[in-house]
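Novice: Data: target-v9.cif, mmCIF, N, CA and C atoms.
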data_final
#
loop_
_atom_site.label_atom_id
_atom_site.label_comp_id
_atom_site.auth_asym_id
_atom_site.auth_seq_id
_atom_site.Cartn_x
_atom_site.Cartn_y
_atom_site.Cartn_z
N MET Z 1 -12.84 -50.55 53.32
CA MET Z 1 -12.03 -49.87 54.30
C MET Z 1 -11.56 -48.51 53.78
N ILE Z 2 -10.97 -48.45 52.59
CA ILE Z 2 -10.52 -47.17 52.06
C ILE Z 2 -11.65 -46.52 51.28
N ASP Z 3 -11.96 -45.29 51.64
CA ASP Z 3 -13.02 -44.53 50.98
C ASP Z 3 -12.47 -43.76 49.80
N HIS Z 4 -11.33 -43.07 50.00
CA HIS Z 4 -10.68 -42.35 48.92
C HIS Z 4 -9.23 -42.02 49.29
N VAL Z 5 -8.45 -41.68 48.28
CA VAL Z 5 -7.03 -41.35 48.45
C VAL Z 5 -6.76 -40.04 47.72
N GLY Z 6 -5.86 -39.25 48.26
CA GLY Z 6 -5.52 -37.98 47.62
C GLY Z 6 -4.03 -37.73 47.61
N LEU Z 7 -3.57 -37.05 46.57
CA LEU Z 7 -2.18 -36.67 46.41
C LEU Z 7 -2.06 -35.16 46.28
N GLN Z 8 -1.00 -34.61 46.85
CA GLN Z 8 -0.70 -33.19 46.66
C GLN Z 8 0.02 -33.04 45.33
N VAL Z 9 -0.33 -32.01 44.58
CA VAL Z 9 0.31 -31.74 43.29
C VAL Z 9 0.86 -30.33 43.28
N SER Z 10 1.87 -30.12 42.45
CA SER Z 10 2.52 -28.80 42.40
C SER Z 10 1.84 -27.86 41.41
N GLY Z 11 1.15 -28.40 40.42
CA GLY Z 11 0.45 -27.59 39.43
C GLY Z 11 -0.95 -28.13 39.25
N TYR Z 12 -1.93 -27.45 39.84
CA TYR Z 12 -3.30 -27.98 39.87
C TYR Z 12 -3.88 -28.21 38.47
N GLU Z 13 -3.91 -27.18 37.64
CA GLU Z 13 -4.53 -27.31 36.32
C GLU Z 13 -3.80 -28.34 35.47
N ARG Z 14 -2.48 -28.31 35.49
CA ARG Z 14 -1.68 -29.27 34.71
C ARG Z 14 -1.99 -30.71 35.15
N SER Z 15 -1.99 -30.93 36.46
CA SER Z 15 -2.25 -32.29 36.97
C SER Z 15 -3.70 -32.71 36.73
N ARG Z 16 -4.64 -31.77 36.87
CA ARG Z 16 -6.06 -32.09 36.62
C ARG Z 16 -6.23 -32.59 35.19
N GLU Z 17 -5.64 -31.90 34.23
CA GLU Z 17 -5.77 -32.30 32.84
C GLU Z 17 -5.02 -33.60 32.56
N PHE Z 18 -3.87 -33.79 33.18
CA PHE Z 18 -3.13 -35.04 33.03
C PHE Z 18 -4.00 -36.23 33.49
N TYR Z 19 -4.53 -36.15 34.71
CA TYR Z 19 -5.32 -37.26 35.23
C TYR Z 19 -6.65 -37.41 34.50
N ARG Z 20 -7.22 -36.31 34.01
CA ARG Z 20 -8.46 -36.41 33.24
C ARG Z 20 -8.23 -37.28 31.99
N LYS Z 21 -7.13 -37.04 31.30
CA LYS Z 21 -6.81 -37.81 30.08
C LYS Z 21 -6.41 -39.25 30.41
N VAL Z 22 -5.52 -39.41 31.37
CA VAL Z 22 -4.98 -40.74 31.68
C VAL Z 22 -6.05 -41.66 32.27
N LEU Z 23 -6.83 -41.15 33.22
CA LEU Z 23 -7.83 -42.00 33.86
C LEU Z 23 -9.01 -42.32 32.94
N ALA Z 24 -9.24 -41.49 31.94
CA ALA Z 24 -10.29 -41.78 30.96
C ALA Z 24 -10.01 -43.09 30.24
N THR Z 25 -8.74 -43.43 30.06
CA THR Z 25 -8.40 -44.69 29.39
C THR Z 25 -8.81 -45.90 30.23
N LEU Z 26 -9.06 -45.67 31.53
CA LEU Z 26 -9.46 -46.75 32.44
C LEU Z 26 -10.93 -46.66 32.83
N GLY Z 27 -11.65 -45.73 32.20
CA GLY Z 27 -13.07 -45.56 32.51
C GLY Z 27 -13.34 -44.52 33.59
N GLY Z 28 -12.31 -43.82 34.04
CA GLY Z 28 -12.49 -42.81 35.07
C GLY Z 28 -12.80 -41.45 34.47
N GLU Z 29 -13.36 -40.58 35.31
CA GLU Z 29 -13.69 -39.24 34.86
C GLU Z 29 -13.58 -38.27 36.02
N LEU Z 30 -13.48 -36.99 35.70
CA LEU Z 30 -13.52 -35.94 36.71
C LEU Z 30 -14.95 -35.88 37.24
N VAL Z 31 -15.11 -36.15 38.53
CA VAL Z 31 -16.43 -36.20 39.12
C VAL Z 31 -16.81 -34.88 39.78
N MET Z 32 -15.84 -34.27 40.47
CA MET Z 32 -16.15 -32.99 41.11
C MET Z 32 -14.88 -32.22 41.43
N GLU Z 33 -15.04 -30.91 41.55
CA GLU Z 33 -13.96 -30.04 41.98
C GLU Z 33 -14.45 -29.19 43.14
N VAL Z 34 -13.55 -28.91 44.07
CA VAL Z 34 -13.87 -27.98 45.16
C VAL Z 34 -12.78 -26.93 45.18
N THR Z 35 -13.18 -25.72 45.45
CA THR Z 35 -12.26 -24.59 45.40
C THR Z 35 -11.61 -24.35 46.76
N ALA Z 36 -10.57 -23.56 46.75
CA ALA Z 36 -9.90 -23.18 47.99
C ALA Z 36 -10.86 -22.43 48.90
N GLU Z 37 -11.75 -21.66 48.33
CA GLU Z 37 -12.73 -20.93 49.14
C GLU Z 37 -13.69 -21.88 49.85
N GLN Z 38 -14.05 -22.97 49.19
CA GLN Z 38 -14.96 -23.94 49.80
C GLN Z 38 -14.29 -24.74 50.91
N THR Z 39 -13.03 -25.09 50.73
CA THR Z 39 -12.35 -25.97 51.69
C THR Z 39 -11.59 -25.21 52.76
N GLY Z 40 -11.27 -23.94 52.50
CA GLY Z 40 -10.42 -23.21 53.42
C GLY Z 40 -8.97 -23.64 53.29
N ASP Z 41 -8.66 -24.39 52.24
CA ASP Z 41 -7.31 -24.90 52.00
C ASP Z 41 -6.98 -24.64 50.54
N GLY Z 42 -6.74 -25.68 49.75
CA GLY Z 42 -6.41 -25.51 48.35
C GLY Z 42 -7.53 -26.00 47.44
N SER Z 43 -7.25 -25.99 46.14
CA SER Z 43 -8.20 -26.51 45.15
C SER Z 43 -8.01 -28.02 45.02
N HIS Z 44 -9.11 -28.73 44.79
CA HIS Z 44 -9.07 -30.19 44.73
C HIS Z 44 -9.97 -30.70 43.61
N ALA Z 45 -9.53 -31.78 42.95
CA ALA Z 45 -10.32 -32.43 41.91
C ALA Z 45 -10.47 -33.90 42.27
N GLY Z 46 -11.69 -34.39 42.20
CA GLY Z 46 -11.98 -35.79 42.52
C GLY Z 46 -12.34 -36.56 41.27
N PHE Z 47 -11.64 -37.66 41.05
CA PHE Z 47 -11.87 -38.53 39.90
C PHE Z 47 -12.47 -39.85 40.37
N GLY Z 48 -13.26 -40.47 39.52
CA GLY Z 48 -13.83 -41.76 39.88
C GLY Z 48 -14.69 -42.30 38.76
N MET Z 49 -15.53 -43.24 39.15
CA MET Z 49 -16.45 -43.88 38.22
C MET Z 49 -17.85 -43.82 38.83
N ALA Z 50 -18.84 -43.81 37.98
CA ALA Z 50 -20.24 -43.84 38.41
C ALA Z 50 -20.56 -42.69 39.38
N GLY Z 51 -19.93 -41.53 39.17
CA GLY Z 51 -20.24 -40.36 39.97
C GLY Z 51 -19.65 -40.32 41.35
N ARG Z 52 -18.77 -41.27 41.70
CA ARG Z 52 -18.19 -41.32 43.05
C ARG Z 52 -16.69 -41.04 42.99
N PRO Z 53 -16.24 -39.91 43.55
CA PRO Z 53 -14.81 -39.59 43.53
C PRO Z 53 -14.04 -40.43 44.55
N THR Z 54 -13.06 -41.18 44.06
CA THR Z 54 -12.25 -42.02 44.95
C THR Z 54 -10.77 -41.70 44.88
N PHE Z 55 -10.37 -40.92 43.88
CA PHE Z 55 -8.97 -40.50 43.74
C PHE Z 55 -8.97 -38.98 43.60
N TRP Z 56 -8.27 -38.31 44.51
CA TRP Z 56 -8.25 -36.85 44.55
C TRP Z 56 -6.84 -36.33 44.33
N ILE Z 57 -6.76 -35.18 43.69
CA ILE Z 57 -5.52 -34.42 43.62
C ILE Z 57 -5.82 -33.03 44.14
N GLY Z 58 -4.80 -32.36 44.64
CA GLY Z 58 -5.05 -31.00 45.11
C GLY Z 58 -3.79 -30.28 45.53
N THR Z 59 -3.97 -29.00 45.68
CA THR Z 59 -2.92 -28.16 46.22
C THR Z 59 -3.28 -27.90 47.67
N SER Z 60 -2.32 -27.53 48.46
CA SER Z 60 -2.59 -27.25 49.86
C SER Z 60 -1.86 -25.99 50.26
N GLN Z 61 -2.55 -25.15 50.99
CA GLN Z 61 -1.92 -23.97 51.55
C GLN Z 61 -1.28 -24.31 52.88
N ILE Z 62 -1.61 -25.47 53.43
CA ILE Z 62 -1.09 -25.91 54.71
C ILE Z 62 0.16 -26.76 54.46
N THR Z 63 1.23 -26.45 55.14
CA THR Z 63 2.46 -27.22 55.00
C THR Z 63 2.49 -28.30 56.05
N HIS Z 64 2.53 -29.56 55.62
CA HIS Z 64 2.61 -30.69 56.54
C HIS Z 64 4.06 -31.14 56.63
N ALA Z 65 4.42 -31.79 57.72
CA ALA Z 65 5.80 -32.22 57.95
C ALA Z 65 6.36 -32.98 56.76
N SER Z 66 5.69 -34.02 56.34
CA SER Z 66 6.15 -34.78 55.18
C SER Z 66 4.98 -35.37 54.42
N GLY Z 67 3.78 -35.03 54.84
CA GLY Z 67 2.61 -35.71 54.33
C GLY Z 67 2.01 -35.13 53.07
N ALA Z 68 2.38 -35.68 51.96
CA ALA Z 68 1.77 -35.29 50.70
C ALA Z 68 0.68 -36.29 50.33
N VAL Z 69 0.28 -37.13 51.27
CA VAL Z 69 -0.71 -38.17 51.02
C VAL Z 69 -1.91 -37.96 51.93
N HIS Z 70 -3.09 -38.20 51.37
CA HIS Z 70 -4.33 -38.16 52.13
C HIS Z 70 -5.03 -39.51 51.93
N VAL Z 71 -5.41 -40.14 53.02
CA VAL Z 71 -6.17 -41.39 52.97
C VAL Z 71 -7.40 -41.22 53.85
N ALA Z 72 -8.56 -41.59 53.30
CA ALA Z 72 -9.81 -41.55 54.06
C ALA Z 72 -10.34 -42.96 54.21
N PHE Z 73 -10.66 -43.30 55.44
CA PHE Z 73 -11.23 -44.61 55.75
C PHE Z 73 -12.73 -44.47 55.94
N THR Z 74 -13.48 -45.45 55.46
CA THR Z 74 -14.93 -45.44 55.59
C THR Z 74 -15.34 -45.80 57.01
N ALA Z 75 -16.20 -45.00 57.59
CA ALA Z 75 -16.74 -45.26 58.92
C ALA Z 75 -18.20 -45.69 58.79
N PRO Z 76 -18.64 -46.64 59.62
CA PRO Z 76 -20.02 -47.12 59.49
C PRO Z 76 -21.07 -46.12 59.97
N ASP Z 77 -20.66 -45.18 60.83
CA ASP Z 77 -21.60 -44.18 61.33
C ASP Z 77 -20.83 -43.00 61.91
N ARG Z 78 -21.54 -41.98 62.31
CA ARG Z 78 -20.90 -40.77 62.82
C ARG Z 78 -20.21 -41.00 64.15
N ALA Z 79 -20.75 -41.90 64.96
CA ALA Z 79 -20.10 -42.21 66.24
C ALA Z 79 -18.70 -42.79 66.01
N ALA Z 80 -18.56 -43.59 64.97
CA ALA Z 80 -17.24 -44.16 64.66
C ALA Z 80 -16.28 -43.07 64.20
N VAL Z 81 -16.77 -42.07 63.48
CA VAL Z 81 -15.93 -40.94 63.08
C VAL Z 81 -15.41 -40.22 64.33
N MET Z 82 -16.31 -39.99 65.27
CA MET Z 82 -15.91 -39.31 66.51
C MET Z 82 -14.91 -40.15 67.31
N ALA Z 83 -15.13 -41.46 67.37
CA ALA Z 83 -14.22 -42.35 68.09
C ALA Z 83 -12.85 -42.38 67.42
N PHE Z 84 -12.83 -42.41 66.09
CA PHE Z 84 -11.58 -42.37 65.33
C PHE Z 84 -10.79 -41.12 65.70
N HIS Z 85 -11.44 -39.97 65.66
CA HIS Z 85 -10.77 -38.70 65.92
C HIS Z 85 -10.21 -38.66 67.35
N ARG Z 86 -11.04 -39.02 68.32
CA ARG Z 86 -10.63 -39.01 69.73
C ARG Z 86 -9.45 -39.96 69.96
N THR Z 87 -9.56 -41.17 69.43
CA THR Z 87 -8.51 -42.18 69.63
C THR Z 87 -7.21 -41.77 68.94
N ALA Z 88 -7.32 -41.19 67.75
CA ALA Z 88 -6.12 -40.75 67.03
C ALA Z 88 -5.39 -39.68 67.83
N LEU Z 89 -6.13 -38.72 68.38
CA LEU Z 89 -5.50 -37.66 69.18
C LEU Z 89 -4.84 -38.25 70.42
N GLU Z 90 -5.52 -39.19 71.06
CA GLU Z 90 -4.94 -39.85 72.24
C GLU Z 90 -3.68 -40.63 71.89
N ALA Z 91 -3.61 -41.13 70.66
CA ALA Z 91 -2.46 -41.93 70.22
C ALA Z 91 -1.32 -41.07 69.68
N GLY Z 92 -1.51 -39.73 69.70
CA GLY Z 92 -0.42 -38.85 69.31
C GLY Z 92 -0.60 -38.10 68.01
N ALA Z 93 -1.74 -38.25 67.34
CA ALA Z 93 -2.00 -37.50 66.11
C ALA Z 93 -2.26 -36.03 66.45
N THR Z 94 -2.18 -35.20 65.43
CA THR Z 94 -2.50 -33.78 65.56
C THR Z 94 -3.83 -33.53 64.87
N ASP Z 95 -4.69 -32.76 65.54
CA ASP Z 95 -5.99 -32.45 64.96
C ASP Z 95 -5.82 -31.69 63.65
N ASN Z 96 -6.59 -32.10 62.63
CA ASN Z 96 -6.57 -31.42 61.34
C ASN Z 96 -7.99 -31.16 60.85
N GLY Z 97 -8.96 -31.26 61.75
CA GLY Z 97 -10.36 -31.03 61.40
C GLY Z 97 -11.26 -31.87 62.27
N ALA Z 98 -11.94 -31.24 63.21
CA ALA Z 98 -12.80 -31.95 64.16
C ALA Z 98 -13.96 -32.63 63.43
N PRO Z 99 -14.55 -33.65 64.05
CA PRO Z 99 -15.71 -34.31 63.45
C PRO Z 99 -16.82 -33.31 63.13
N GLY Z 100 -17.37 -33.44 61.94
CA GLY Z 100 -18.46 -32.56 61.56
C GLY Z 100 -18.84 -32.73 60.11
N LEU Z 101 -19.95 -32.08 59.75
CA LEU Z 101 -20.44 -32.12 58.37
C LEU Z 101 -19.53 -31.28 57.48
N ARG Z 102 -19.32 -31.76 56.26
CA ARG Z 102 -18.59 -31.03 55.21
C ARG Z 102 -19.52 -30.96 54.00
N PRO Z 103 -20.55 -30.08 54.04
CA PRO Z 103 -21.56 -30.05 52.98
C PRO Z 103 -21.03 -29.62 51.62
N HIS Z 104 -19.81 -29.05 51.55
CA HIS Z 104 -19.26 -28.70 50.24
C HIS Z 104 -18.89 -29.96 49.46
N TYR Z 105 -18.80 -31.12 50.13
CA TYR Z 105 -18.61 -32.39 49.42
C TYR Z 105 -19.96 -33.01 49.07
N HIS Z 106 -20.83 -33.18 50.05
CA HIS Z 106 -22.23 -33.53 49.82
C HIS Z 106 -22.99 -33.39 51.14
N GLU Z 107 -24.28 -33.43 51.06
CA GLU Z 107 -25.16 -33.11 52.19
C GLU Z 107 -24.86 -33.90 53.47
N HIS Z 108 -24.53 -35.18 53.35
CA HIS Z 108 -24.36 -36.03 54.54
C HIS Z 108 -22.90 -36.35 54.85
N TYR Z 109 -21.96 -35.70 54.18
CA TYR Z 109 -20.53 -35.99 54.37
C TYR Z 109 -20.12 -35.58 55.78
N TYR Z 110 -19.82 -36.57 56.61
CA TYR Z 110 -19.43 -36.33 58.00
C TYR Z 110 -18.04 -36.91 58.20
N GLY Z 111 -17.06 -36.04 58.41
CA GLY Z 111 -15.69 -36.51 58.49
C GLY Z 111 -14.91 -35.86 59.60
N ALA Z 112 -13.76 -36.46 59.88
CA ALA Z 112 -12.79 -35.93 60.85
C ALA Z 112 -11.40 -36.20 60.30
N PHE Z 113 -10.50 -35.26 60.55
CA PHE Z 113 -9.15 -35.32 59.98
C PHE Z 113 -8.09 -35.21 61.06
N VAL Z 114 -7.02 -35.99 60.91
CA VAL Z 114 -5.86 -35.89 61.79
C VAL Z 114 -4.60 -35.98 60.94
N LEU Z 115 -3.51 -35.47 61.48
CA LEU Z 115 -2.20 -35.69 60.87
C LEU Z 115 -1.52 -36.79 61.66
N ASP Z 116 -1.11 -37.85 60.96
CA ASP Z 116 -0.44 -38.96 61.63
C ASP Z 116 0.97 -38.53 62.04
N PRO Z 117 1.74 -39.41 62.70
CA PRO Z 117 3.07 -39.01 63.16
C PRO Z 117 4.02 -38.53 62.06
N ASP Z 118 3.75 -38.89 60.81
CA ASP Z 118 4.59 -38.42 59.70
C ASP Z 118 3.98 -37.22 58.98
N GLY Z 119 2.86 -36.73 59.47
CA GLY Z 119 2.24 -35.56 58.87
C GLY Z 119 1.25 -35.85 57.77
N HIS Z 120 0.95 -37.13 57.52
CA HIS Z 120 -0.03 -37.47 56.49
C HIS Z 120 -1.44 -37.16 56.99
N ASN Z 121 -2.27 -36.68 56.09
CA ASN Z 121 -3.64 -36.29 56.42
C ASN Z 121 -4.54 -37.52 56.37
N ILE Z 122 -4.97 -38.00 57.53
CA ILE Z 122 -5.77 -39.23 57.63
C ILE Z 122 -7.18 -38.84 58.08
N GLU Z 123 -8.16 -39.43 57.43
CA GLU Z 123 -9.56 -39.08 57.66
C GLU Z 123 -10.41 -40.31 57.90
N ALA Z 124 -11.46 -40.13 58.68
CA ALA Z 124 -12.55 -41.10 58.76
C ALA Z 124 -13.79 -40.37 58.25
N VAL Z 125 -14.58 -41.05 57.42
CA VAL Z 125 -15.76 -40.40 56.83
C VAL Z 125 -16.95 -41.35 56.80
N CYS Z 126 -18.10 -40.78 57.12
CA CYS Z 126 -19.38 -41.49 56.99
C CYS Z 126 -20.23 -40.70 56.00
N HIS Z 127 -20.83 -41.40 55.04
CA HIS Z 127 -21.63 -40.74 54.01
C HIS Z 127 -23.14 -40.85 54.28
N LEU Z 128 -23.51 -41.47 55.40
CA LEU Z 128 -24.91 -41.71 55.71
C LEU Z 128 -25.53 -40.55 56.46
N PRO Z 129 -26.83 -40.33 56.32
CA PRO Z 129 -27.47 -39.27 57.09
C PRO Z 129 -27.47 -39.62 58.58
N GLY Z 130 -27.47 -38.58 59.41
CA GLY Z 130 -27.50 -38.60 60.86
C GLY Z 130 -27.41 -39.89 61.52
#
Write the structure described by the file as C-alpha cells, please.

Specialist:
Amino acid sequence: MIDHVGLQVSGYERSREFYRKVLATLGGELVMEVTAEQTGDGSHAGFGMAGRPTFWIGTSQITHASGAVHVAFTAPDRAAVMAFHRTALEAGATDNGAPGLRPHYHEHYYGAFVLDPDGHNIEAVCHLPG
C-alpha cells in the first residue's frame, strides 16, 4: 500500500548526511537525489535498499498549511492514479500535481499529487509502463 514516505527538513545537506550515516547502520543507502530544477520545488534525497528509494527527505519552496509529511500510495495502474486524483479533488483535496509522467524519477513514474485537508502532500504512483 505505501510506496514511499517523505519528510520536510530545514537543512538539506545536514539532514542528507545525517540520514546517510544513520540509515547505513540498518542497511540503507542514498539511492538518488533530485534537484530543485528537476522538480520545480526543492531538493530531495531518496534512501532505501536494493536501489529503491522508499524514504525521502527534502526542502520545499511551497508552503503547505501544516503538511510537512509526504506519503505515496502504490497504484496498480495509471487509471487508478487518475481515479485517485479525481476522487481526492471531489472529496475536498487541493490539486498539487495532475496525473502524469515524472521522468526525473524514472522513465515509467506516473503519479498524481493532492494536498489533504491538513495540507499533507498525498500521492498515488504507478511504476509500470503505459

Novice: Separation of atom CA of Gly11 of chain Z and atom N of Thr94 of chain Z, in Å?

Specialist: 27.2 Å

Novice: Give as a list in words the residues that the PyMOL selection byres ((chain Z and resi 106-119) around 5) matches when applied to the coordinates above.

Specialist: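 On the file shown, the PyMOL selection byres ((chain Z and resi 106-119) around 5) covers Ala65, Ser66, Gly67, Ala93, Thr94, Asp95, Asn96, Gly97, Ala98, Pro99, Gly100, Leu101, Arg102, Pro103, His104, Tyr105, His120, Asn121, Ile122, Glu123, Ala124, Val125, Cys126 and His127 of chain Z.
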
Novice: May I have the residues from that selection written out with N, CA and C atoms, as a CSV table (one decimal), in the frame of the given file?

Specialist:
chain,number,residue,atom,x,y,z
Z,65,ALA,N,4.4,-31.8,57.7
Z,65,ALA,CA,5.8,-32.2,58.0
Z,65,ALA,C,6.4,-33.0,56.8
Z,66,SER,N,5.7,-34.0,56.3
Z,66,SER,CA,6.2,-34.8,55.2
Z,66,SER,C,5.0,-35.4,54.4
Z,67,GLY,N,3.8,-35.0,54.8
Z,67,GLY,CA,2.6,-35.7,54.3
Z,67,GLY,C,2.0,-35.1,53.1
Z,93,ALA,N,-1.7,-38.2,67.3
Z,93,ALA,CA,-2.0,-37.5,66.1
Z,93,ALA,C,-2.3,-36.0,66.4
Z,94,THR,N,-2.2,-35.2,65.4
Z,94,THR,CA,-2.5,-33.8,65.6
Z,94,THR,C,-3.8,-33.5,64.9
Z,95,ASP,N,-4.7,-32.8,65.5
Z,95,ASP,CA,-6.0,-32.4,65.0
Z,95,ASP,C,-5.8,-31.7,63.6
Z,96,ASN,N,-6.6,-32.1,62.6
Z,96,ASN,CA,-6.6,-31.4,61.3
Z,96,ASN,C,-8.0,-31.2,60.8
Z,97,GLY,N,-9.0,-31.3,61.8
Z,97,GLY,CA,-10.4,-31.0,61.4
Z,97,GLY,C,-11.3,-31.9,62.3
Z,98,ALA,N,-11.9,-31.2,63.2
Z,98,ALA,CA,-12.8,-32.0,64.2
Z,98,ALA,C,-14.0,-32.6,63.4
Z,99,PRO,N,-14.6,-33.6,64.0
Z,99,PRO,CA,-15.7,-34.3,63.4
Z,99,PRO,C,-16.8,-33.3,63.1
Z,100,GLY,N,-17.4,-33.4,61.9
Z,100,GLY,CA,-18.5,-32.6,61.6
Z,100,GLY,C,-18.8,-32.7,60.1
Z,101,LEU,N,-20.0,-32.1,59.8
Z,101,LEU,CA,-20.4,-32.1,58.4
Z,101,LEU,C,-19.5,-31.3,57.5
Z,102,ARG,N,-19.3,-31.8,56.3
Z,102,ARG,CA,-18.6,-31.0,55.2
Z,102,ARG,C,-19.5,-31.0,54.0
Z,103,PRO,N,-20.6,-30.1,54.0
Z,103,PRO,CA,-21.6,-30.0,53.0
Z,103,PRO,C,-21.0,-29.6,51.6
Z,104,HIS,N,-19.8,-29.0,51.6
Z,104,HIS,CA,-19.3,-28.7,50.2
Z,104,HIS,C,-18.9,-30.0,49.5
Z,105,TYR,N,-18.8,-31.1,50.1
Z,105,TYR,CA,-18.6,-32.4,49.4
Z,105,TYR,C,-20.0,-33.0,49.1
Z,120,HIS,N,1.0,-37.1,57.5
Z,120,HIS,CA,0.0,-37.5,56.5
Z,120,HIS,C,-1.4,-37.2,57.0
Z,121,ASN,N,-2.3,-36.7,56.1
Z,121,ASN,CA,-3.6,-36.3,56.4
Z,121,ASN,C,-4.5,-37.5,56.4
Z,122,ILE,N,-5.0,-38.0,57.5
Z,122,ILE,CA,-5.8,-39.2,57.6
Z,122,ILE,C,-7.2,-38.8,58.1
Z,123,GLU,N,-8.2,-39.4,57.4
Z,123,GLU,CA,-9.6,-39.1,57.7
Z,123,GLU,C,-10.4,-40.3,57.9
Z,124,ALA,N,-11.5,-40.1,58.7
Z,124,ALA,CA,-12.6,-41.1,58.8
Z,124,ALA,C,-13.8,-40.4,58.2
Z,125,VAL,N,-14.6,-41.0,57.4
Z,125,VAL,CA,-15.8,-40.4,56.8
Z,125,VAL,C,-17.0,-41.4,56.8
Z,126,CYS,N,-18.1,-40.8,57.1
Z,126,CYS,CA,-19.4,-41.5,57.0
Z,126,CYS,C,-20.2,-40.7,56.0
Z,127,HIS,N,-20.8,-41.4,55.0
Z,127,HIS,CA,-21.6,-40.7,54.0
Z,127,HIS,C,-23.1,-40.8,54.3

Novice: Apply DSSP to the backbone of this structure and, from segment 63-115 of chain Z, keep only the residues in alpha helix (DSSP H); write these as an NGL selection string.

Specialist: :Z and (78-90)

Novice: To test your reading of the syntax: which residues would the PyMOL selection byres (((chain Z and resi 31 and name CA) around 7) and name CA) return for the file shown? Reply as an NGL selection string.

Specialist: :Z and (29-30 or 32 or 46-48 or 51-53)

Novice: Using Å and a single decimal, report how far atom CA of Arg86 of chain Z sits from atom CA of Trp56 of chain Z.

Specialist: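 Computing it gives 25.4 Å between the two atoms.
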
Novice: I'd like the contact shell of segment 1-3 of chain Z - 6 Å cut-off, all atoms listed in the file, skipping same-chain residues fewer than 6 positions apart - returned as a PyMOL selection string.

Specialist: chain Z and resi 54+72-74

Novice: Could you list, as a list in words, every residue within 7 Å of Gly58 of chain Z, counting all atoms listed in the file and ignoring same-chain residues fewer than 4 positions away?

Specialist: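 Contacts, in chain order: Gly6, Leu7, Gln8, Val9, Ser10, Tyr12, Gly42, Ser43, His44 and Ala45 of chain Z.
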
Novice: Would you mind reading off the distance between atom CA of Val69 of chain Z and atom CA of Gly40 of chain Z, one decimal, in Å?

Specialist: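 It comes out at 18.0 Å.
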
Novice: Restricting the calculation to only C-alpha atoms: of Z:Ala91, Z:Ala75, Z:Ala68, Z:Ala50, which residue gets closest to Gly27 of chain Z?

Specialist: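 When distances to Gly27 of chain Z are compared using only C-alpha atoms, the smallest one comes from Z:Ala50.
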
Novice: For Gly28 of chain Z, which residue among Z:His4, Z:Pro76, Z:His85, Z:Phe55 is the nearest when counting only C-alpha atoms?

Specialist: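 Counting only C-alpha atoms, the residue closest to Gly28 of chain Z is Z:Phe55.
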
Novice: Determine which residues of chain Z receive a DSSP assignment of strand (DSSP E or B), computed from the backbone, and state them as a ChimeraX atom specification.

Specialist: /Z:2-8,29-34,44-49,52-58,69-74,94-101,110-115,121-126
